[in-house]
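Structure file structure.txt (compact mmCIF, C-alpha atoms) follows.
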# COMPACT_ATOMS: atom_id res chain seq x y z
CA MET A 1 123.26 101.93 109.36
CA ALA A 2 125.35 102.03 106.16
CA THR A 3 128.51 101.94 108.28
CA THR A 4 127.31 98.87 110.14
CA LEU A 5 126.37 97.09 106.91
CA SER A 6 129.79 97.92 105.47
CA VAL A 7 131.48 96.33 108.48
CA LEU A 8 129.30 93.26 108.04
CA VAL A 9 130.08 92.95 104.34
CA LEU A 10 133.81 93.10 105.07
CA GLY A 11 133.49 90.46 107.75
CA ALA A 12 131.57 88.25 105.34
CA GLY A 13 134.50 88.51 102.93
CA GLY A 14 136.75 86.63 105.33
CA ILE A 15 139.32 89.45 105.71
CA GLY A 16 137.60 91.52 108.32
CA HIS A 17 137.95 89.78 111.68
CA ALA A 18 141.08 91.59 112.84
CA VAL A 19 139.88 94.90 111.40
CA VAL A 20 136.42 94.66 112.95
CA THR A 21 137.90 93.62 116.32
CA SER A 22 140.17 96.67 116.37
CA LEU A 23 137.29 98.99 115.50
CA ASP A 24 135.18 97.83 118.41
CA THR A 25 137.30 99.81 120.87
CA GLY A 26 136.56 103.08 119.05
CA ILE A 27 132.79 102.99 119.54
CA THR A 28 131.35 104.92 122.49
CA ARG A 29 129.04 102.66 124.51
CA VAL A 30 125.70 103.48 126.14
CA ASP A 31 123.22 101.33 128.06
CA PRO A 32 119.72 102.16 126.77
CA PHE A 33 118.20 98.91 128.09
CA LYS A 34 119.15 99.34 131.75
CA ASP A 35 116.32 98.44 134.18
CA MET A 36 113.77 98.12 131.33
CA LYS A 37 110.69 96.05 132.19
CA ASN A 38 107.48 94.92 130.49
CA ARG A 39 109.06 95.01 127.06
CA PRO A 40 107.39 93.68 123.87
CA GLN A 41 107.83 90.03 123.05
CA ALA A 42 110.81 89.34 120.79
CA GLY A 43 110.00 88.47 117.20
CA HIS A 44 112.22 87.03 114.48
CA GLY A 45 115.27 88.78 113.10
CA MET A 46 117.09 91.76 114.63
CA ASN A 47 115.74 95.27 115.29
CA LEU A 48 117.99 98.32 115.58
CA LEU A 49 116.90 101.80 116.58
CA VAL A 50 119.03 104.30 114.62
CA VAL A 51 118.82 107.94 115.69
CA GLY A 52 120.46 111.08 114.37
CA THR A 53 121.05 113.71 117.05
CA ASP A 54 121.48 117.46 116.89
CA GLY A 55 125.22 117.73 117.46
CA ARG A 56 125.83 121.32 116.40
CA ASP A 57 127.76 121.89 119.63
CA LYS A 58 130.56 119.71 118.20
CA ILE A 59 131.02 121.43 114.83
CA THR A 60 133.51 124.16 113.96
CA GLU A 61 132.55 127.80 113.44
CA GLU A 62 133.52 127.48 109.79
CA GLU A 63 131.15 124.52 109.34
CA ARG A 64 128.45 126.35 111.27
CA ARG A 65 128.60 129.29 108.84
CA ALA A 66 129.07 127.25 105.66
CA TYR A 67 126.17 124.88 106.28
CA ARG A 68 123.90 127.25 108.24
CA LEU A 69 123.95 125.30 111.49
CA GLY A 70 123.23 128.24 113.74
CA GLY A 71 121.08 128.23 116.85
CA GLU A 72 121.44 126.38 120.11
CA PRO A 73 121.74 122.57 120.29
CA CYS A 74 118.39 121.04 121.19
CA HIS A 75 119.76 117.79 122.67
CA CYS A 76 117.09 115.92 120.75
CA THR A 77 116.71 113.40 117.93
CA ASP A 78 116.65 114.97 114.49
CA THR A 79 116.04 111.63 112.75
CA VAL A 80 114.58 108.32 113.99
CA MET A 81 114.70 105.09 111.99
CA LEU A 82 113.68 101.57 112.98
CA VAL A 83 115.82 99.04 111.09
CA HIS A 84 114.88 95.35 110.89
CA ILE A 85 117.46 92.81 109.68
CA SER A 86 115.74 89.57 108.69
CA GLU A 87 116.51 86.31 110.43
CA ASP A 88 117.98 84.88 107.20
CA ARG A 89 120.14 88.06 106.88
CA ASP A 90 118.94 88.62 103.31
CA ARG A 91 117.02 91.84 103.95
CA ALA A 92 117.17 95.12 105.87
CA SER A 93 113.88 97.00 106.29
CA VAL A 94 114.12 100.69 107.21
CA VAL A 95 111.06 102.45 108.69
CA SER A 96 111.29 106.23 109.11
CA LEU A 97 109.45 107.63 112.15
CA PRO A 98 108.58 111.36 111.96
CA ARG A 99 110.40 113.26 114.70
CA ASP A 100 107.19 115.23 115.41
CA SER A 101 105.11 112.05 115.85
CA TYR A 102 102.49 112.24 118.60
CA ALA A 103 103.79 109.96 121.36
CA GLU A 104 102.77 108.88 124.84
CA MET A 105 105.97 109.07 126.88
CA PRO A 106 106.06 106.45 129.65
CA GLU A 107 106.64 107.31 133.32
CA HIS A 108 110.31 108.19 133.84
CA VAL A 109 112.93 110.23 135.65
CA ASP A 110 114.19 113.28 133.77
CA GLU A 111 117.93 112.70 133.36
CA ASN A 112 118.61 116.44 133.45
CA SER A 113 116.58 117.56 136.47
CA GLY A 114 116.21 114.21 138.29
CA LYS A 115 112.47 114.87 138.60
CA ARG A 116 110.03 111.98 138.17
CA HIS A 117 107.40 112.49 135.46
CA GLN A 118 104.15 110.63 134.97
CA ALA A 119 103.22 109.35 131.52
CA HIS A 120 102.30 112.28 129.26
CA PRO A 121 101.92 113.19 125.56
CA VAL A 122 104.92 114.63 123.68
CA LYS A 123 106.52 114.80 120.26
CA LEU A 124 108.74 111.78 119.67
CA ASN A 125 112.00 113.74 119.51
CA ALA A 126 111.42 115.07 123.05
CA ALA A 127 112.02 111.61 124.52
CA TYR A 128 115.77 111.93 123.96
CA ALA A 129 115.85 115.40 125.53
CA GLU A 130 114.15 114.16 128.72
CA GLY A 131 115.62 110.71 129.10
CA GLY A 132 118.34 110.06 126.51
CA PRO A 133 118.70 106.74 124.66
CA GLY A 134 116.87 104.72 127.31
CA LEU A 135 113.66 106.74 127.24
CA THR A 136 113.83 106.94 123.44
CA VAL A 137 113.94 103.15 123.20
CA ARG A 138 111.07 102.75 125.69
CA THR A 139 108.93 105.29 123.85
CA VAL A 140 109.48 103.68 120.44
CA GLU A 141 108.78 100.21 121.82
CA ASN A 142 105.52 101.46 123.36
CA MET A 143 104.48 103.06 120.06
CA THR A 144 105.39 100.18 117.76
CA GLY A 145 105.16 97.02 119.85
CA VAL A 146 108.52 96.04 118.34
CA LYS A 147 111.29 94.94 120.72
CA ILE A 148 114.54 96.85 120.08
CA ASP A 149 117.65 94.65 120.14
CA HIS A 150 120.34 97.27 119.51
CA TYR A 151 120.79 101.03 119.54
CA LEU A 152 122.95 103.17 117.20
CA GLU A 153 123.37 106.95 117.42
CA VAL A 154 125.09 109.37 115.03
CA ASP A 155 125.42 113.18 115.20
CA PHE A 156 126.10 115.94 112.66
CA THR A 157 129.87 115.55 112.93
CA SER A 158 130.00 111.78 112.41
CA PHE A 159 127.51 112.07 109.55
CA MET A 160 129.69 114.55 107.64
CA LYS A 161 132.85 112.53 108.35
CA THR A 162 131.18 109.35 107.10
CA VAL A 163 130.23 110.91 103.77
CA ASP A 164 133.66 112.45 103.26
CA ALA A 165 135.38 109.19 104.25
CA VAL A 166 133.70 107.25 101.43
CA GLY A 167 134.54 109.98 98.91
CA GLY A 168 131.13 111.62 98.72
CA VAL A 169 127.73 110.27 97.72
CA GLN A 170 125.92 110.68 94.41
CA ILE A 171 122.37 112.05 94.54
CA CYS A 172 120.12 113.07 91.68
CA THR A 173 117.01 115.21 91.71
CA ALA A 174 114.11 115.29 89.27
CA ARG A 175 113.57 119.00 89.89
CA PRO A 176 115.61 121.92 91.31
CA MET A 177 115.85 122.09 95.12
CA LYS A 178 116.42 125.25 97.15
CA ASP A 179 116.10 125.74 100.90
CA ALA A 180 116.98 129.17 102.30
CA TYR A 181 117.15 127.77 105.84
CA THR A 182 119.90 125.17 105.21
CA GLY A 183 121.48 126.81 102.17
CA LEU A 184 120.73 123.80 99.96
CA GLU A 185 120.66 124.71 96.28
CA LEU A 186 120.70 121.94 93.67
CA THR A 187 119.78 122.02 90.00
CA ALA A 188 117.82 119.15 88.47
CA GLY A 189 120.21 116.31 87.67
CA THR A 190 123.04 114.37 89.30
CA HIS A 191 125.27 115.75 92.07
CA GLU A 192 128.24 114.40 94.04
CA LEU A 193 127.72 115.65 97.60
CA THR A 194 130.45 116.18 100.20
CA GLY A 195 129.75 115.63 103.89
CA GLY A 196 128.58 119.19 104.56
CA GLN A 197 126.44 119.32 101.42
CA ALA A 198 124.93 115.95 102.28
CA LEU A 199 123.99 117.28 105.72
CA GLN A 200 122.19 120.19 104.05
CA TYR A 201 120.35 117.73 101.80
CA VAL A 202 119.08 115.42 104.56
CA ARG A 203 118.15 118.32 106.89
CA SER A 204 116.20 120.44 104.38
CA ARG A 205 112.51 120.80 105.20
CA HIS A 206 111.53 123.74 102.98
CA VAL A 207 112.08 122.51 99.42
CA ASP A 208 108.44 121.46 99.00
CA GLY A 209 105.17 121.43 100.89
CA ALA A 210 105.86 118.09 102.58
CA SER A 211 108.14 119.48 105.33
CA ASP A 212 109.46 116.70 107.61
CA LEU A 213 107.68 113.97 105.66
CA GLY A 214 109.34 114.98 102.41
CA ARG A 215 112.64 115.22 104.25
CA MET A 216 112.28 111.61 105.43
CA GLN A 217 112.00 110.48 101.81
CA ARG A 218 115.18 112.35 100.92
CA GLN A 219 116.91 110.73 103.89
CA GLN A 220 115.84 107.32 102.61
CA GLN A 221 117.13 108.16 99.14
CA PHE A 222 120.42 109.31 100.60
CA LEU A 223 120.80 106.21 102.78
CA ALA A 224 120.22 103.96 99.75
CA ALA A 225 122.91 105.89 97.85
CA LEU A 226 125.31 105.64 100.80
CA ILE A 227 124.78 101.88 101.04
CA ASP A 228 125.49 101.64 97.31
CA ARG A 229 128.72 103.65 97.65
CA THR A 230 130.01 101.71 100.66
CA THR A 231 129.18 98.26 99.27
CA THR A 232 130.32 98.81 95.66
CA GLY A 233 133.02 101.49 95.94
CA GLY A 234 135.93 99.06 96.39
CA VAL A 235 137.00 100.26 99.83
CA LEU A 236 135.55 97.15 101.48
CA LEU A 237 137.93 94.92 99.54
CA ASN A 238 141.06 96.61 100.89
CA PRO A 239 141.64 96.07 104.64
CA VAL A 240 144.01 99.04 104.90
CA SER A 241 141.61 101.46 103.20
CA PHE A 242 138.69 100.02 105.09
CA ARG A 243 140.39 100.48 108.46
CA GLU A 244 140.99 104.16 107.69
CA VAL A 245 137.45 104.79 106.47
CA ALA A 246 135.69 102.77 109.17
CA THR A 247 137.74 104.33 111.97
CA THR A 248 136.57 107.73 110.76
CA MET A 249 132.97 106.52 110.53
CA LEU A 250 132.77 104.86 113.92
CA GLY A 251 134.85 107.35 115.90
CA SER A 252 131.82 109.39 116.97
CA VAL A 253 129.11 106.73 116.85
CA ARG A 254 127.40 105.59 120.07
CA ALA A 255 125.99 102.07 120.40
CA ASP A 256 124.68 99.74 123.08
CA ARG A 257 127.16 97.52 124.90
CA GLY A 258 125.76 94.34 123.37
CA PHE A 259 126.44 95.30 119.77
CA GLY A 260 130.13 94.41 119.58
CA THR A 261 132.60 92.47 117.47
CA GLU A 262 131.09 89.02 117.96
CA GLN A 263 127.58 90.21 117.06
CA MET A 264 128.87 92.04 113.97
CA LEU A 265 130.82 89.03 112.72
CA ALA A 266 127.92 86.65 113.41
CA LEU A 267 125.71 88.85 111.26
CA ALA A 268 128.42 89.14 108.62
CA LYS A 269 128.51 85.39 108.00
CA GLY A 270 124.90 85.50 106.85
CA MET A 271 124.99 88.76 104.88
CA ARG A 272 127.11 87.77 101.91
CA GLY A 273 126.14 89.57 98.71
CA PHE A 274 124.21 92.35 100.45
CA THR A 275 123.34 95.12 97.94
CA PRO A 276 121.00 98.16 97.83
CA ALA A 277 118.32 95.83 96.43
CA SER A 278 118.54 93.89 99.71
CA SER A 279 117.23 96.93 101.60
CA GLU A 280 113.69 98.32 101.62
CA PHE A 281 112.41 101.70 102.78
CA VAL A 282 109.07 102.97 104.05
CA SER A 283 107.70 105.78 106.22
CA VAL A 284 105.23 104.99 108.98
CA PRO A 285 101.72 105.67 107.59
CA VAL A 286 100.34 109.04 108.71
CA GLY A 287 96.70 109.87 109.37
CA ASP A 288 96.94 113.55 110.37
CA VAL A 289 99.95 115.75 109.54
CA SER A 290 98.75 118.54 111.85
CA PHE A 291 97.25 116.92 114.93
CA GLN A 292 96.89 119.67 117.53
CA VAL A 293 97.73 118.84 121.15
CA LYS A 294 97.27 121.34 123.98
CA GLY A 295 100.58 122.52 125.33
CA ILE A 296 102.53 120.84 122.53
CA GLY A 297 101.16 122.29 119.31
CA SER A 298 101.03 120.58 115.93
CA THR A 299 102.09 116.91 115.87
CA VAL A 300 102.05 114.09 113.33
CA LYS A 301 99.51 111.41 114.19
CA TRP A 302 100.00 107.96 112.73
CA ASP A 303 97.32 106.04 110.83
CA ALA A 304 96.85 103.44 113.58
CA PRO A 305 95.45 100.49 111.52
CA LYS A 306 98.08 100.87 108.77
CA ALA A 307 100.91 101.40 111.26
CA GLN A 308 99.84 98.32 113.21
CA LYS A 309 99.94 96.26 110.00
CA LEU A 310 103.42 97.57 109.20
CA PHE A 311 104.90 96.77 112.62
CA GLN A 312 103.19 93.38 112.67
CA ALA A 313 105.09 92.57 109.45
CA LEU A 314 108.36 93.51 111.16
CA ARG A 315 107.57 91.33 114.18
CA GLU A 316 106.77 88.42 111.88
CA ASP A 317 109.91 89.02 109.80
CA ARG A 318 107.95 89.49 106.56
CA PRO A 319 109.28 91.65 103.68
CA LEU A 320 107.44 94.96 103.47
CA THR A 321 107.53 95.18 99.68
CA SER A 322 105.48 91.98 99.33
CA GLN A 323 102.49 93.87 100.75
CA ASN A 324 102.32 95.87 97.52
CA SER A 325 101.75 93.05 95.05
CA PRO A 326 99.70 93.94 91.91
CA GLU A 327 96.88 91.72 93.14
CA ALA A 328 96.56 93.86 96.27
CA GLU A 329 96.49 97.17 94.40
CA THR A 330 93.30 99.18 94.26
CA GLY A 331 92.91 102.46 92.42
CA PRO A 332 95.76 103.96 90.35
CA LYS A 333 98.83 101.82 89.72
CA VAL A 334 101.82 102.81 91.87
CA VAL A 335 104.94 103.87 89.92
CA ASP A 336 108.42 104.98 90.96
CA VAL A 337 108.36 108.51 89.54
CA ALA A 338 105.60 111.10 90.01
CA PRO A 339 103.79 111.66 86.67
CA ASP A 340 103.87 115.46 87.05
CA THR A 341 107.69 115.38 86.94
CA ILE A 342 107.75 113.52 83.60
CA ARG A 343 107.76 115.70 80.46
CA VAL A 344 106.14 114.00 77.42
CA GLN A 345 105.85 114.78 73.71
CA VAL A 346 103.12 112.76 71.97
CA PHE A 347 103.23 111.69 68.31
CA ASN A 348 100.46 110.09 66.25
CA GLY A 349 102.05 107.09 64.57
CA THR A 350 98.85 106.03 62.80
CA ARG A 351 96.47 107.35 60.16
CA ILE A 352 93.69 107.70 62.77
CA ASP A 353 92.71 111.36 62.87
CA GLY A 354 92.92 112.97 66.31
CA LEU A 355 94.66 110.03 68.01
CA GLY A 356 97.65 112.17 69.04
CA ARG A 357 95.42 114.72 70.74
CA LYS A 358 93.44 111.92 72.43
CA VAL A 359 96.59 110.33 73.87
CA ASP A 360 98.01 113.70 74.97
CA GLU A 361 94.82 114.57 76.85
CA ALA A 362 94.58 111.13 78.47
CA LEU A 363 98.19 111.27 79.71
CA ARG A 364 97.70 114.79 81.02
CA ALA A 365 94.52 113.69 82.82
CA THR A 366 96.50 111.11 84.84
CA GLY A 367 99.14 113.69 85.76
CA PHE A 368 101.87 113.61 83.08
CA ASP A 369 103.38 116.92 81.96
CA THR A 370 102.58 116.74 78.24
CA THR A 371 103.34 119.50 75.72
CA ARG A 372 99.65 119.75 74.69
CA VAL A 373 100.87 120.00 71.10
CA PRO A 374 100.85 116.47 69.64
CA ARG A 375 102.65 115.90 66.35
CA THR A 376 102.44 113.51 63.43
CA ALA A 377 105.20 110.88 63.34
CA ASP A 378 107.34 110.32 60.25
CA GLY A 379 107.62 106.95 58.54
CA PRO A 380 105.22 104.04 58.16
CA GLU A 381 102.20 103.51 60.38
CA ARG A 382 103.02 101.94 63.74
CA ARG A 383 101.20 98.89 64.99
CA ARG A 384 102.54 99.09 68.55
CA THR A 385 102.78 102.18 70.78
CA LEU A 386 106.40 103.25 71.39
CA VAL A 387 108.01 105.05 74.35
CA GLU A 388 111.47 106.52 73.56
CA TYR A 389 113.71 107.82 76.35
CA ASP A 390 117.24 108.79 77.26
CA PRO A 391 118.97 105.97 79.24
CA GLY A 392 119.47 108.39 82.14
CA TRP A 393 115.69 108.62 82.55
CA ASP A 394 114.86 104.92 82.49
CA ARG A 395 112.73 104.95 85.67
CA SER A 396 110.66 107.80 84.31
CA ALA A 397 110.21 105.81 81.10
CA LYS A 398 109.04 102.74 83.00
CA SER A 399 106.57 104.88 84.95
CA LEU A 400 105.22 106.29 81.68
CA ALA A 401 105.03 102.83 80.08
CA ALA A 402 102.98 101.61 83.06
CA ALA A 403 100.28 104.05 81.95
CA LEU A 404 100.40 102.63 78.40
CA PRO A 405 99.93 98.83 78.73
CA GLY A 406 101.78 96.90 76.05
CA ALA A 407 103.93 99.85 74.94
CA GLU A 408 107.43 99.17 73.59
CA LEU A 409 110.35 100.83 75.41
CA ARG A 410 113.33 102.06 73.37
CA ALA A 411 116.41 103.83 74.75
CA VAL A 412 117.73 106.74 72.65
CA LYS A 413 121.06 108.07 73.86
CA GLY A 414 121.23 111.86 74.05
CA GLN A 415 117.48 112.43 73.79
CA GLY A 416 117.41 114.37 77.07
CA GLU A 417 114.69 114.57 79.70
CA MET A 418 111.77 114.83 77.24
CA LEU A 419 110.15 111.43 76.70
CA ARG A 420 108.46 110.61 73.38
CA VAL A 421 105.27 108.60 72.97
CA THR A 422 104.39 107.47 69.45
CA ALA A 423 100.84 106.09 69.54
CA GLY A 424 100.27 102.89 67.56
CA ARG A 425 97.16 101.12 66.36
CA ASP A 426 97.19 99.01 69.53
CA TYR A 427 96.41 102.05 71.73
CA ARG A 428 93.44 101.23 73.98
CA GLY A 429 93.61 104.04 76.53
CA VAL A 430 95.72 105.22 79.47
CA THR A 431 95.92 103.43 82.84
CA ALA A 432 95.82 105.78 85.85
CA VAL A 433 99.07 105.87 87.81
CA ARG A 434 100.38 107.63 90.90
CA ALA A 435 103.74 107.91 92.63
CA ALA A 436 104.51 105.94 95.77
CA GLU A 437 105.73 109.20 97.34
CA THR A 438 102.83 111.29 98.62
CA GLU A 439 102.63 114.44 100.69
CA THR A 440 102.06 112.31 103.78
CA GLY A 441 105.19 110.24 103.31
CA ARG A 442 106.23 107.04 101.55
CA ASP A 443 103.39 104.69 102.54
CA GLU A 444 104.52 101.91 100.19
CA ALA A 445 107.85 100.21 100.74
CA VAL A 446 110.41 100.25 97.94
CA THR A 447 113.76 98.49 97.66
CA GLY A 448 116.97 100.49 97.91
CA ASP A 449 117.81 100.12 94.23
CA ARG A 450 114.54 101.90 93.37
CA VAL A 451 114.78 104.78 95.85
CA GLY A 452 117.41 106.71 93.90
CA CYS A 453 117.44 108.69 90.68
CA PRO A 454 114.56 108.80 88.20
Write out the structure in this file as structure tokens.
Amino acid sequence: MATTLSVLVLGAGGIGHAVVTSLDTGITRVDPFKDMKNRPQAGHGMNLLVVGTDGRDKITEEERRAYRLGGEPCHCTDTVMLVHISEDRDRASVVSLPRDSYAEMPEHVDENSGKRHQAHPVKLNAAYAEGGPGLTVRTVENMTGVKIDHYLEVDFTSFMKTVDAVGGVQICTARPMKDAYTGLELTAGTHELTGGQALQYVRSRHVDGASDLGRMQRQQQFLAALIDRTTTGGVLLNPVSFREVATTMLGSVRADRGFGTEQMLALAKGMRGFTPASSEFVSVPVGDVSFQVKGIGSTVKWDAPKAQKLFQALREDRPLTSQNSPEAETGPKVVDVAPDTIRVQVFNGTRIDGLGRKVDEALRATGFDTTRVPRTADGPERRRTLVEYDPGWDRSAKSLAAALPGAELRAVKGQGEMLRVTAGRDYRGVTAVRAAETETGRDEAVTGDRVGCP
């Protein structure tokens, strides 16, 4: 998806026509819409189905050992994303679909055995194994009611080449990450990932208790960072550099026959100024993360009413983030960063006895990782509550300030990851907050500029 957007941005700049035209011949074409009938009604905007396939049969032995890509290729989809580009070309909405989603596969002919199968329940990623791109498109359309306009497919090899071609992608983590299965091992902080390291990052399922659902959130974070790198890294402004990078990116991508030069350039004209903030990310709402199906095992069952609302918004070309307006919120306020990842030292900036302890306990009760040892602030008595933070932790500071209505935010360079709250005389209690990311996936959409580092 980031590759496609990069091509569009270049075309919008007026220097890309010849470059984009030459790249079209390097894309492998498939026909996922052949003989399809009874499809959903077309809505507004453009819908792309983007799938990542298990392509470990194409990697080298050195890469297989280095990035722990052992085992046999499954000929299945490792990642499935539904991407909606708005009719006005101002927005790209990315919906992650769990690969283990419970799905009703339509009647079809198995492309491997030639045997005809009746409709039957499966996990979503099995559709590609039985019927390739065509059956995958049909299955997703049946599940979502969204008509797919174009199909894009990328495998392990093209993913690694893409990341290396743009010079790596910067990712940051709020806590250490280690996955013995993929070999991923990252300390808390910022990291510049190469192609192989990035593959470890987006494939890891054992760094927390969220398994595939947590992995989808990391994939969204990575995609936002990749969009940022490709649209702001300067390569798009140089036709020679762009040709080299884009040729590498698109050399092992598969796409439908209808998504060619003319379609890319038509989109490009309307996508001037596209940035990470123009994209929004969400995971399909999940009702049961371990829905047992006889003969299949544990599957992920969607929350049908919430999922229907989400896909209806796509069909009607409405932004997903607008569904999370403050007026629509019930319960705890949604913030960018999980409170339990934010370390806080509380100070009493008043002459009110016990106020520091009261604030510390209230923040801890809503999930913040306080020291439990409040201190007395130096200097004159404060009228207004103050939140001090290192500039590198600004999103954490904003999440903390959301729990302290009216608090003043002040950046202090070099302060480190510990945030400081100095309670003032205006303190009236703590507002309950929660992170948008939950153990069942990212139910609330966020824009690409807010998916990244805390």
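The coordinates place atom CA of A:Lys123 at 22.6 Å from atom CA of A:Lys37.
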Item to check | Spatial neighbours of A:Gly349, 10 Å, all atoms listed in the file, chain gap at least 4 places, as an NGL selection string | outcome: :A and (355-356 or 375-386 or 421-425)
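Distance annotation: of A:Glu361, A:Asp110, A:Asp336, A:Asp369, the residue with the minimal separation from A:Lys398 is A:Asp336; atom set is only C-alpha atoms.
Between atom CA of A:Leu152 and atom CA of A:Val137 lies a distance of 10.8 Å.
Residue nearest A:Val122, chosen from A:His84, A:Arg428, A:Lys301, A:Lys306 and counting only C-alpha atoms: A:Lys301.
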Checklist entry - Out of A:Lys309, A:Arg116, A:Arg372, A:Lys413, which residue has the shortest atom-to-atom distance to A:Pro391 when counting all atoms listed in the file? => result A:Lys413
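Put simply, atom CA of A:Asp303 is 24.4 Å away from atom CA of A:His44.
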Next on the checklist: If we count all atoms listed in the file and set the cut-off at 9 Å, which residues sit around A:Gly416, ignoring sequence neighbours fewer than 6 positions away in its own chain? Please answer as a list in words.
Outcome noted: Tyr389, Asp390, Pro391, Gly392 and Trp393 of chain A
